[in-house]
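J.: Encoded as structure tokens, here's the structure I'll be asking about.
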Amino acid sequence: EDKVVQSPLSLVVHEGDTVTLNCSYEVTNFRSLLWYKQEKKAPTFLFMLTSSGIEKKSGRLSSILDKKELFSILNITATQTGDSAVYLCAVHLLSGYSTLTFGKGTMLLVSP
Amino acid sequence: GAVVSQHPSWVICKSGTSVKIECRSLDFQATTMFWYRQFPKQSLMLMATSNEGSKATYEQGVEKDKFLINHASLTLSTLTVTSAHPEDSSFYICSTSGRVAYEQYFGPGTRLTVT
């Protein structure tokens, strides 16, 4: 059975801190790994990773994939209260459809 | 990315009634749409894959006779929750498969509360 595991499940930090969110996976037919940010509504896309060792960066957020060890990390530097959200990791499988298998998410709370 | 809308954004219904949720791809012809369900503090769980002009493919454990999916056009898929029960209360999100295979564009979601 395909599995995506995120850790920690929840995290509270102070503004300005740096956080690292983890995502490990055990799937067959891996195509790519995606990170999403979910606030009160549907998830919004952050990154897609397909190759090991290549960091994707967007502002204070960055992510990298290790296909040998089957995990990815999402880093957020200089956190702000607006970063408070659930961060979802999903794995896209090679299949006839564009199906995604999601992890349970990490709930991040950034306190002022 | 593609713009996806859902209607209604929230709905309250009585136990035993049916509720229809619409998912529209506003600027893109979506041959494939996905329906997810998310319970509080849990992740998105894929319910079914909806293909235009054919029957939906349901994930294991999802009752196809309870969650009726119709994908009659390239821009509209509907999910009907029949004979709703309080345990069906959840956040239902649709997404479309994008122009590139790995892309999915999510709708804003519909919060269903069954009383």
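Letters for chains follow the order of the structure tokens (A, B, ...), residue numbers begin at 1 for each chain, and ligand numbers begin at 1 in the order shown.
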Could you work out which residues of chain A fall inside 10 Å of chain B? Count only C-alpha atoms, and format the result as a ChimeraX atom specification.

T.: /A:9,31-34,40-45,48,86-107

J.: What does the file look like for those residues with N, CA, C and O atoms, as a short mmCIF file (atom, residue, chain, number, x, y, z; two decimals), in the first residue's frame?

T.:
```
data_model
loop_
_atom_site.label_atom_id
_atom_site.label_comp_id
_atom_site.auth_asym_id
_atom_site.auth_seq_id
_atom_site.Cartn_x
_atom_site.Cartn_y
_atom_site.Cartn_z
N LEU A 9 3.46 16.16 13.29
CA LEU A 9 2.05 16.38 12.96
C LEU A 9 1.65 17.82 13.25
O LEU A 9 0.78 18.38 12.59
N ARG A 31 6.39 9.32 -9.34
CA ARG A 31 6.64 10.27 -10.43
C ARG A 31 7.21 11.56 -9.86
O ARG A 31 8.22 12.05 -10.33
N SER A 32 6.53 12.12 -8.85
CA SER A 32 7.00 13.39 -8.28
C SER A 32 6.40 13.57 -6.89
O SER A 32 5.48 12.85 -6.50
N LEU A 33 6.95 14.51 -6.18
CA LEU A 33 6.46 14.84 -4.83
C LEU A 33 6.07 16.31 -4.83
O LEU A 33 6.79 17.16 -5.38
N LEU A 34 4.93 16.59 -4.23
CA LEU A 34 4.42 17.95 -4.23
C LEU A 34 4.16 18.42 -2.81
O LEU A 34 3.78 17.63 -1.95
N LYS A 40 -7.64 27.90 5.24
CA LYS A 40 -9.00 27.45 5.59
C LYS A 40 -9.72 26.77 4.44
O LYS A 40 -10.75 26.15 4.63
N LYS A 41 -9.18 26.86 3.27
CA LYS A 41 -9.89 26.27 2.14
C LYS A 41 -9.04 25.20 1.46
O LYS A 41 -8.37 24.43 2.11
N ALA A 42 -9.09 25.15 0.16
CA ALA A 42 -8.40 24.09 -0.56
C ALA A 42 -6.89 24.35 -0.57
O ALA A 42 -6.44 25.47 -0.38
N PRO A 43 -6.11 23.32 -0.79
CA PRO A 43 -4.65 23.49 -0.79
C PRO A 43 -4.18 24.38 -1.95
O PRO A 43 -4.78 24.37 -3.02
N THR A 44 -3.12 25.10 -1.68
CA THR A 44 -2.47 25.86 -2.75
C THR A 44 -1.10 25.27 -2.98
O THR A 44 -0.39 24.88 -2.05
N PHE A 45 -0.73 25.21 -4.23
CA PHE A 45 0.49 24.55 -4.65
C PHE A 45 1.73 25.35 -4.24
O PHE A 45 1.76 26.57 -4.37
N MET A 48 6.87 21.36 -6.73
CA MET A 48 6.89 20.01 -7.26
C MET A 48 8.35 19.60 -7.41
O MET A 48 9.15 20.35 -7.95
N VAL A 86 -1.68 24.36 7.46
CA VAL A 86 -1.33 22.95 7.37
C VAL A 86 -0.54 22.77 6.08
O VAL A 86 -0.96 23.22 5.02
N TYR A 87 0.59 22.13 6.18
CA TYR A 87 1.42 21.88 5.02
C TYR A 87 1.28 20.41 4.64
O TYR A 87 1.54 19.51 5.45
N LEU A 88 0.84 20.20 3.42
CA LEU A 88 0.57 18.85 2.94
C LEU A 88 1.63 18.43 1.94
O LEU A 88 2.02 19.20 1.06
N CYS A 89 2.04 17.20 2.09
CA CYS A 89 2.96 16.58 1.13
C CYS A 89 2.14 15.54 0.36
O CYS A 89 1.31 14.84 0.94
N ALA A 90 2.34 15.48 -0.93
CA ALA A 90 1.62 14.50 -1.74
C ALA A 90 2.58 13.89 -2.74
O ALA A 90 3.49 14.56 -3.23
N VAL A 91 2.35 12.63 -3.03
CA VAL A 91 3.17 11.96 -4.03
C VAL A 91 2.31 11.67 -5.24
O VAL A 91 1.19 11.17 -5.13
N HIS A 92 2.84 12.02 -6.37
CA HIS A 92 2.17 11.77 -7.63
C HIS A 92 2.72 10.48 -8.22
O HIS A 92 3.93 10.30 -8.33
N LEU A 93 1.81 9.58 -8.53
CA LEU A 93 2.22 8.27 -9.01
C LEU A 93 2.10 8.19 -10.52
O LEU A 93 1.28 8.85 -11.14
N LEU A 94 2.92 7.33 -11.08
CA LEU A 94 2.81 7.05 -12.51
C LEU A 94 1.60 6.15 -12.71
O LEU A 94 1.60 5.00 -12.32
N SER A 95 0.57 6.68 -13.26
CA SER A 95 -0.62 5.86 -13.48
C SER A 95 -1.37 6.49 -14.63
O SER A 95 -1.00 7.54 -15.12
N GLY A 96 -2.46 5.83 -15.01
CA GLY A 96 -3.25 6.40 -16.09
C GLY A 96 -3.82 7.75 -15.74
O GLY A 96 -4.01 8.59 -16.59
N TYR A 97 -4.13 7.96 -14.46
CA TYR A 97 -4.67 9.23 -14.01
C TYR A 97 -3.64 9.97 -13.18
O TYR A 97 -2.69 9.40 -12.69
N SER A 98 -3.89 11.22 -13.00
CA SER A 98 -2.93 12.06 -12.28
C SER A 98 -3.18 12.00 -10.78
O SER A 98 -3.30 13.00 -10.12
N THR A 99 -3.26 10.79 -10.20
CA THR A 99 -3.66 10.67 -8.80
C THR A 99 -2.56 11.11 -7.86
O THR A 99 -1.38 10.94 -8.13
N LEU A 100 -3.00 11.69 -6.75
CA LEU A 100 -2.10 12.13 -5.69
C LEU A 100 -2.43 11.37 -4.41
O LEU A 100 -3.59 11.19 -4.08
N THR A 101 -1.39 10.96 -3.71
CA THR A 101 -1.56 10.35 -2.39
C THR A 101 -1.01 11.34 -1.38
O THR A 101 0.18 11.68 -1.43
N PHE A 102 -1.85 11.78 -0.47
CA PHE A 102 -1.48 12.82 0.48
C PHE A 102 -1.02 12.24 1.81
O PHE A 102 -1.51 11.21 2.26
N GLY A 103 -0.10 12.94 2.45
CA GLY A 103 0.20 12.69 3.85
C GLY A 103 -0.85 13.37 4.72
O GLY A 103 -1.73 14.08 4.21
N LYS A 104 -0.75 13.17 6.03
CA LYS A 104 -1.74 13.74 6.95
C LYS A 104 -1.52 15.23 7.19
O LYS A 104 -2.38 15.91 7.72
N GLY A 105 -0.35 15.71 6.82
CA GLY A 105 -0.09 17.14 6.98
C GLY A 105 0.63 17.47 8.26
O GLY A 105 0.60 16.72 9.24
N THR A 106 1.27 18.61 8.25
CA THR A 106 1.87 19.19 9.45
C THR A 106 1.18 20.52 9.71
O THR A 106 1.17 21.40 8.85
N MET A 107 0.61 20.63 10.91
CA MET A 107 -0.04 21.89 11.26
C MET A 107 0.99 22.80 11.91
O MET A 107 1.52 22.48 12.97
#
```

J.: Mind pulling up the distance from atom CA of Leu108 of chain A to atom CA of Asp83 of chain A?

T.: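 Atom CA of Leu108 of chain A lies at a distance of 7.5 Å from atom CA of Asp83 of chain A.
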